[in-house]
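*Asks:* Pasting start.txt here (compact mmCIF, C-alpha atoms):
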```txt
# COMPACT_ATOMS: atom_id res chain seq x y z
CA MET M 244 -4.36 -66.83 50.21
CA ILE M 245 -6.34 -63.60 49.97
CA ASP M 246 -9.56 -63.71 52.03
CA LEU M 247 -11.01 -60.26 51.37
CA GLU M 248 -13.69 -60.81 48.77
CA GLY M 249 -13.87 -57.19 47.72
CA TYR M 250 -10.11 -57.06 47.14
CA ALA M 251 -10.23 -60.21 45.04
CA VAL M 252 -13.12 -58.89 42.94
CA ARG M 253 -11.29 -55.63 42.26
CA LYS M 254 -8.06 -57.41 41.34
CA THR M 255 -9.95 -59.81 39.06
CA LEU M 256 -11.67 -56.93 37.28
CA VAL M 257 -8.33 -55.18 36.78
CA TYR M 258 -6.72 -58.35 35.45
CA SER M 259 -9.67 -59.00 33.12
CA PHE M 260 -9.40 -55.47 31.77
CA ILE M 261 -5.64 -55.85 31.14
CA LEU M 262 -6.07 -59.20 29.43
CA THR M 263 -8.91 -57.85 27.28
CA CYS M 264 -6.69 -54.96 26.18
CA ILE M 265 -3.90 -57.38 25.30
CA LEU M 266 -6.05 -59.72 23.29
CA ILE M 267 -8.24 -57.11 21.55
CA PHE M 268 -6.61 -53.70 21.49
CA ALA M 269 -2.91 -54.59 21.89
CA PRO M 270 -1.82 -51.44 23.76
CA ALA M 271 1.49 -49.90 22.79
CA PHE M 272 2.98 -50.14 26.27
CA MET M 273 3.07 -53.91 26.08
CA VAL M 274 2.16 -55.32 22.68
CA GLN M 275 3.25 -53.22 19.75
CA PHE M 276 2.35 -53.70 16.09
CA ASP M 277 5.61 -54.02 14.23
CA GLU M 278 5.55 -51.08 11.81
CA GLU M 279 8.96 -51.97 10.41
CA VAL M 280 7.66 -55.32 9.24
CA LYS M 281 4.66 -53.60 7.66
CA GLN M 282 6.93 -51.26 5.71
CA THR M 283 9.24 -54.08 4.63
CA VAL M 284 6.35 -56.15 3.31
CA ASN M 285 4.82 -53.20 1.51
CA THR M 286 8.09 -52.22 -0.21
CA ASP M 287 8.50 -55.80 -1.40
CA LYS M 288 5.36 -55.29 -3.54
CA THR M 289 5.87 -54.32 -7.17
CA ASN M 290 3.37 -51.50 -6.81
CA THR M 291 2.76 -50.40 -3.24
CA ASP M 292 -0.14 -48.19 -4.36
CA ASN M 293 -2.11 -51.33 -5.03
CA VAL M 294 -1.81 -52.46 -1.41
CA ASN M 295 -5.14 -51.33 0.05
CA LYS M 296 -5.78 -50.21 3.59
CA SER M 297 -7.30 -53.51 4.73
CA ASN M 298 -4.26 -55.46 3.52
CA ARG M 299 -1.93 -53.15 5.44
CA LYS M 300 -4.06 -53.69 8.53
CA ASP M 301 -3.82 -57.46 8.08
CA VAL M 302 -0.04 -57.23 8.01
CA THR M 303 0.17 -55.38 11.30
CA ASP M 304 -2.53 -57.50 12.90
CA ASN M 305 -0.60 -60.65 12.10
CA ILE M 306 2.70 -59.55 13.61
CA THR M 307 2.97 -58.27 17.17
CA VAL M 308 5.90 -57.84 19.47
CA PHE M 309 6.00 -57.79 23.26
CA SER M 310 8.31 -54.97 24.26
CA SER M 311 8.53 -51.55 25.87
CA ASN M 312 10.57 -48.40 25.43
CA THR M 313 12.95 -49.53 28.18
CA CYS M 314 13.44 -53.11 26.93
CA PHE M 315 16.29 -54.50 24.89
CA LYS M 316 14.49 -57.83 24.51
CA LYS M 317 11.48 -58.32 22.24
CA THR M 318 9.26 -61.41 22.24
CA TYR M 319 7.84 -62.79 18.98
CA TYR M 320 5.85 -65.89 17.98
CA ILE M 321 6.68 -68.05 14.96
CA GLY M 322 4.06 -68.16 12.21
CA LEU M 323 5.13 -71.16 10.09
CA ASP M 324 6.66 -74.58 10.43
CA LYS M 325 10.33 -74.99 9.52
CA VAL M 326 11.38 -71.34 9.76
CA ASN M 327 15.14 -71.20 9.17
CA VAL M 328 17.48 -69.79 11.82
CA TYR M 329 20.75 -68.66 10.21
CA GLU M 330 24.30 -68.22 11.44
CA ASP M 331 24.42 -64.61 10.20
CA ASP M 332 22.05 -61.88 9.01
CA SER M 333 22.51 -62.44 5.28
CA GLY M 334 20.05 -65.31 4.95
CA ARG M 335 22.54 -67.04 2.67
CA ASP M 336 24.75 -68.57 5.33
CA LYS M 337 24.49 -71.80 7.28
CA VAL M 338 21.10 -72.83 8.67
CA LEU M 339 21.65 -73.64 12.34
CA PHE M 340 18.21 -75.08 13.07
CA THR M 341 14.53 -74.56 12.25
CA LEU M 342 11.55 -73.42 14.32
CA ASN M 343 7.93 -74.48 14.16
CA LYS M 344 4.63 -72.63 14.25
CA ASP M 345 3.75 -71.13 17.66
CA ASP M 346 7.32 -71.39 18.96
CA VAL M 347 8.39 -68.40 21.05
CA VAL M 348 11.59 -66.42 20.42
CA VAL M 349 13.15 -63.51 22.28
CA ALA M 350 15.08 -61.09 20.05
CA TYR M 351 18.12 -59.18 21.28
CA LYS M 352 18.88 -57.07 18.20
CA GLU M 353 18.02 -56.68 14.54
CA ASN M 354 19.91 -55.82 11.37
CA LYS M 355 19.14 -55.70 7.64
CA GLY M 356 15.68 -57.22 8.04
CA TYR M 357 16.79 -60.00 10.39
CA ILE M 358 16.39 -60.43 14.15
CA TYR M 359 18.96 -62.13 16.37
CA CYS M 360 17.05 -64.22 18.84
CA GLU M 361 16.99 -67.04 21.36
CA GLU M 362 14.63 -69.98 20.98
CA ASN M 363 12.40 -71.37 23.67
CA LYS M 364 13.42 -74.93 24.46
CA GLN M 365 17.23 -75.18 24.46
CA GLY M 366 18.28 -71.52 24.35
CA ARG M 367 19.92 -71.81 20.92
CA LYS M 368 20.50 -68.48 19.14
CA GLY M 369 20.63 -67.28 15.56
CA TRP M 370 19.16 -64.94 12.92
CA ILE M 371 15.58 -65.10 11.59
CA GLU M 372 14.26 -63.13 8.64
CA LYS M 373 11.77 -60.61 10.00
CA ASN M 374 8.62 -60.79 7.87
CA ASN M 375 4.91 -61.49 8.16
CA ASN M 376 5.32 -65.10 7.07
CA ASN M 377 7.86 -66.10 9.70
CA LEU M 378 6.29 -64.09 12.54
CA LYS M 379 2.69 -63.84 13.72
CA GLY M 380 0.40 -62.45 16.37
CA MET M 381 0.56 -63.62 19.96
CA ILE M 382 -0.79 -66.99 21.05
CA TYR M 383 -3.01 -67.43 24.08
CA LYS M 384 -4.95 -70.30 25.54
CA LYS M 385 -7.03 -70.42 28.69
CA THR M 386 -5.66 -72.59 31.49
CA LYS M 387 -6.95 -73.40 34.97
CA TYR M 388 -4.05 -71.58 36.62
CA ASN M 389 -2.56 -68.30 35.43
CA LEU M 390 0.50 -66.51 36.81
CA ASP M 391 0.44 -62.75 36.20
CA VAL M 392 3.84 -61.11 36.76
CA ASN M 393 3.93 -57.32 37.04
CA LEU M 394 7.47 -55.96 36.57
CA THR M 395 6.48 -52.50 37.77
CA ASN M 396 4.95 -53.65 41.05
CA GLN M 397 7.36 -56.59 41.47
CA ASN M 398 4.55 -58.97 42.31
CA MET M 399 3.00 -62.13 40.92
CA ILE M 400 -0.71 -62.81 41.19
CA VAL M 401 -1.89 -66.41 40.98
CA PHE M 402 -5.31 -67.00 39.45
CA LYS M 403 -7.29 -70.23 39.62
CA ASP M 404 -10.36 -70.34 37.39
CA ASN M 405 -10.07 -66.53 37.04
CA LYS M 406 -10.12 -65.99 40.81
CA ILE M 407 -7.17 -64.61 42.77
CA ILE M 408 -5.75 -67.11 45.23
CA LYS M 409 -2.28 -65.68 45.95
CA ASP M 410 -0.46 -62.33 45.66
CA ILE M 411 3.30 -62.92 45.84
CA SER M 412 6.18 -60.47 46.13
CA CYS M 413 8.92 -61.19 43.57
CA SER M 414 12.22 -59.93 42.19
CA THR M 415 12.64 -59.84 38.42
CA GLY M 416 15.58 -59.00 36.19
CA ILE M 417 17.67 -55.85 36.41
CA ILE M 418 16.35 -53.32 33.90
CA GLY M 419 18.54 -51.65 31.28
CA ASP M 420 20.79 -54.61 30.47
CA GLN M 421 19.86 -57.15 27.82
CA GLU M 422 21.72 -59.83 29.75
CA THR M 423 19.56 -59.40 32.85
CA GLU M 424 16.13 -58.23 31.69
CA THR M 425 13.12 -60.45 32.23
CA PRO M 426 11.38 -60.95 28.87
CA LEU M 427 7.84 -59.66 28.38
CA GLY M 428 5.08 -61.75 26.85
CA ILE M 429 2.83 -64.75 27.22
CA PHE M 430 4.62 -67.97 28.12
CA TYR M 431 3.72 -71.43 29.41
CA VAL M 432 5.19 -73.63 32.13
CA GLN M 433 7.52 -76.07 30.38
CA SER M 434 9.02 -78.12 33.19
CA LYS M 435 9.81 -78.17 36.91
CA GLY M 436 12.62 -79.07 39.27
CA GLU M 437 13.44 -79.07 42.98
CA TYR M 438 16.97 -77.63 42.90
CA PHE M 439 19.65 -76.23 40.62
CA PHE M 440 23.02 -74.53 41.01
CA SER M 441 24.71 -72.23 38.50
CA SER M 442 28.50 -72.33 38.52
CA LYS M 443 28.45 -69.21 36.34
CA TYR M 444 26.66 -67.10 38.95
CA LYS M 445 27.85 -69.06 42.02
CA GLU M 446 24.31 -69.45 43.28
CA GLY M 447 21.32 -71.74 42.87
CA ALA M 448 17.71 -72.00 43.97
CA ARG M 449 15.03 -74.38 45.15
CA TYR M 450 11.70 -75.23 43.54
CA TYR M 451 11.75 -73.84 40.03
CA ILE M 452 9.51 -73.84 37.00
CA LYS M 453 10.86 -73.10 33.52
CA PHE M 454 8.89 -70.77 31.25
CA PHE M 455 11.35 -69.83 28.48
CA SER M 456 14.81 -71.12 27.52
CA ASN M 457 16.77 -70.91 30.79
CA TYR M 458 14.39 -68.39 32.39
CA LEU M 459 12.78 -69.69 35.57
CA ILE M 460 10.50 -68.79 38.43
CA HIS M 461 12.40 -69.99 41.50
CA SER M 462 13.15 -69.36 45.16
CA ILE M 463 15.47 -66.67 46.46
CA PRO M 464 19.09 -67.71 45.76
CA VAL M 465 20.88 -70.35 47.79
CA ASP M 466 24.55 -71.29 47.93
CA GLU M 467 26.14 -74.55 46.77
CA LYS M 468 25.16 -76.21 50.05
CA GLY M 469 21.54 -75.11 49.69
CA ASN M 470 21.70 -72.36 52.31
CA ILE M 471 19.82 -69.11 51.74
CA ILE M 472 22.04 -66.21 50.62
CA GLU M 473 20.95 -63.53 53.09
CA ASP M 474 22.12 -60.56 51.00
CA GLU M 475 19.97 -61.79 48.09
CA LYS M 476 16.99 -62.45 50.36
CA LYS M 477 16.92 -58.75 51.27
CA LYS M 478 16.40 -57.83 47.60
CA LEU M 479 13.01 -59.54 47.33
CA GLY M 480 10.50 -57.03 45.97
CA PHE M 481 13.11 -55.18 43.88
CA PRO M 482 14.62 -55.95 40.43
CA ALA M 483 17.71 -57.99 41.26
CA SER M 484 17.96 -61.16 39.19
CA HIS M 485 19.75 -62.18 35.99
CA GLY M 486 16.36 -62.42 34.23
CA CYS M 487 14.61 -65.09 36.28
CA ILE M 488 11.74 -64.36 38.66
CA ARG M 489 12.62 -64.87 42.34
CA ILE M 490 10.08 -65.53 45.07
CA SER M 491 10.31 -66.76 48.67
CA ILE M 492 11.13 -70.41 49.30
CA GLN M 493 7.67 -71.00 50.74
CA ASP M 494 5.98 -69.47 47.68
CA ALA M 495 8.34 -71.28 45.31
CA GLU M 496 7.46 -74.61 46.91
CA TRP M 497 3.75 -73.85 46.61
CA ILE M 498 4.10 -72.88 42.93
CA TYR M 499 6.17 -76.00 42.24
CA LYS M 500 3.59 -78.29 43.84
CA ASN M 501 0.40 -76.65 42.60
CA ILE M 502 0.96 -75.07 39.17
CA PRO M 503 0.82 -77.73 36.42
CA GLU M 504 2.91 -77.77 33.28
CA GLY M 505 1.27 -75.89 30.42
CA SER M 506 -0.14 -73.14 32.67
CA VAL M 507 -0.07 -69.57 31.36
CA ILE M 508 2.51 -67.06 32.59
CA THR M 509 1.89 -63.44 31.56
CA ILE M 510 4.76 -60.97 32.11
CA HIS M 511 4.21 -57.23 31.68
CA TYR M 512 4.86 -53.76 33.10
```
Mind converting the file's structure to structure tokens?

*Replies:*
Amino acid sequence: MIDLEGYAVRKTLVYSFILTCILIFAPAFMVQFDEEVKQTVNTDKTNTDNVNKSNRKDVTDNITVFSSNTCFKKTYYIGLDKVNVYEDDSGRDKVLFTLNKDDVVVAYKENKGYIYCEENKQGRKGWIEKNNNNLKGMIYKKTKYNLDVNLTNQNMIVFKDNKIIKDISCSTGIIGDQETETPLGIFYVQSKGEYFFSSKYKEGARYYIKFFSNYLIHSIPVDEKGNIIEDEKKKLGFPASHGCIRISIQDAEWIYKNIPEGSVITIHY
């Protein structure tokens, strides 16, 4: 817990400024208006000259994407109920499943007006038509606890009622690979668990919370017997994971016990 009042005040002011920028100004380094969607919608009009300036602004205001110039992954929010997710990018093939309003998706690539993405709950993947009906602006709700993850600084600040109570060193995903990047955006704690082990990666972790698909905040890696993997422990504070957010076992246990489901998790550079 941080005791220095002046430090906490400064950090809170910085966080408030960042959050205000996200929610009001949507800065390009984190939340980008999707110009491609704007152009697609406009060219679908019979006469684009009749689309006035305010209508074009509404289109871009309604669709935002969390991304950066170094990211492969882009985070979107679903704008309607029962949005179809297709097997291919033609829109005429098999519907794999549907998504509902406010669902979160992370896109890996796009083609011919469709984005290939992963959905939030079960990690299912497929193609969604990229337009201003299916996609919308970001969602945000105020919660008692807020976890703010900074990928540049490799730290996670815990807020309670807008006051800093913990500043935690973390290790996020390896940059430059879509298989290992940590997605950017606003997420919410979905569920918790005390232990897991991945046969794919030959490592597990203690005390995790799930925030998107199979992306977790969890302890530094442990082996199949639950012992800390010392080589992985040394990487704390540097990008090293497969996309999850690693923290110390002590911090992971505290997060697990104190952060309720539904709490906001903001991930940014």

*Asks:* Find the distance between atom CA of M:Asn354 and atom CA of M:Thr341 and write it in Å to one decimal.

*Replies:*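 Atom CA of M:Thr341 lies at a distance of 19.5 Å from atom CA of M:Asn354.
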
*Asks:* Given the choices M:Gly486, M:Pro464, M:Gly366, M:Gly447, which gets closest to M:Gln421 if the distance is worked out from all atoms listed in the file?

*Replies:*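 Closest residue, counting all atoms listed in the file: M:Gly486.
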
*Asks:* Could you tell me which of M:Ser456, M:Met381, M:Glu467, M:Asp410 comes closest to M:Tyr444 if we count only C-alpha atoms?

*Replies:* M:Glu467

*Asks:* Report, in Å to a single decimal, how far apart atom CA of M:Glu504 and atom CA of M:Gln433 are.

*Replies:* 5.7 Å

*Asks:* Within 12 Å of M:Lys352, counting all atoms listed in the file, which residues show up once you throw out same-chain ones fewer than 4 positions away? Write them as a PyMOL selection string, please.

*Replies:* chain M and resi 314-318+332+356-361+368-371+373+421

*Asks:* Report, as AutoDock Vina command-line options, the centre and edge lengths in Å (one decimal) of the axis-aligned box enclosing every listed atom of stretch 424-431 of chain M, padded by 8 Å on each side.

*Replies:*
```
--center_x 9.5 --center_y -64.8 --center_z 29.5 --size_x 29.3 --size_y 29.2 --size_z 21.4
```

*Asks:* Using all atoms listed in the file, which residues sit within 12 Å of M:Ile510 once same-chain residues fewer than 3 positions away are excluded, as number ranges by chain?

*Replies:* M: 261-262, 265, 273-274, 309-311, 318, 389-400, 415-416, 424-431, 454-455, 460, 486-488, 507

*Asks:* In Å, rounded to a single decimal, give me how far atom CA of M:Ile490 is from atom CA of M:Ser412.

*Replies:* 6.5 Å

*Asks:* Please list as a PyMOL selection string every residue within 7 Å of M:Lys435, counting all atoms listed in the file and excluding residues in the same chain fewer than 4 positions away.

*Replies:* chain M and resi 451-453+499

*Asks:* Looking at M:Val401, M:Ala350, M:Val308, M:Ile492, which one is nearest to M:Gly469, with distances taken over all atoms listed in the file?

*Replies:* M:Ile492

*Asks:* Give the answer as one residue: which of M:Arg335, M:Arg489, M:Lys500, M:Lys344 has the shortest atom-to-atom distance to M:Ile417, using all atoms listed in the file?

*Replies:*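 Smallest separation from M:Ile417 among the options: M:Arg489.
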
*Asks:* Considering only C-alpha atoms, state which residue in the set M:His511, M:Lys364, M:Lys478, M:Lys387 is at the smallest distance from M:Val347.

*Replies:*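 The closest residue to M:Val347 is M:Lys364.
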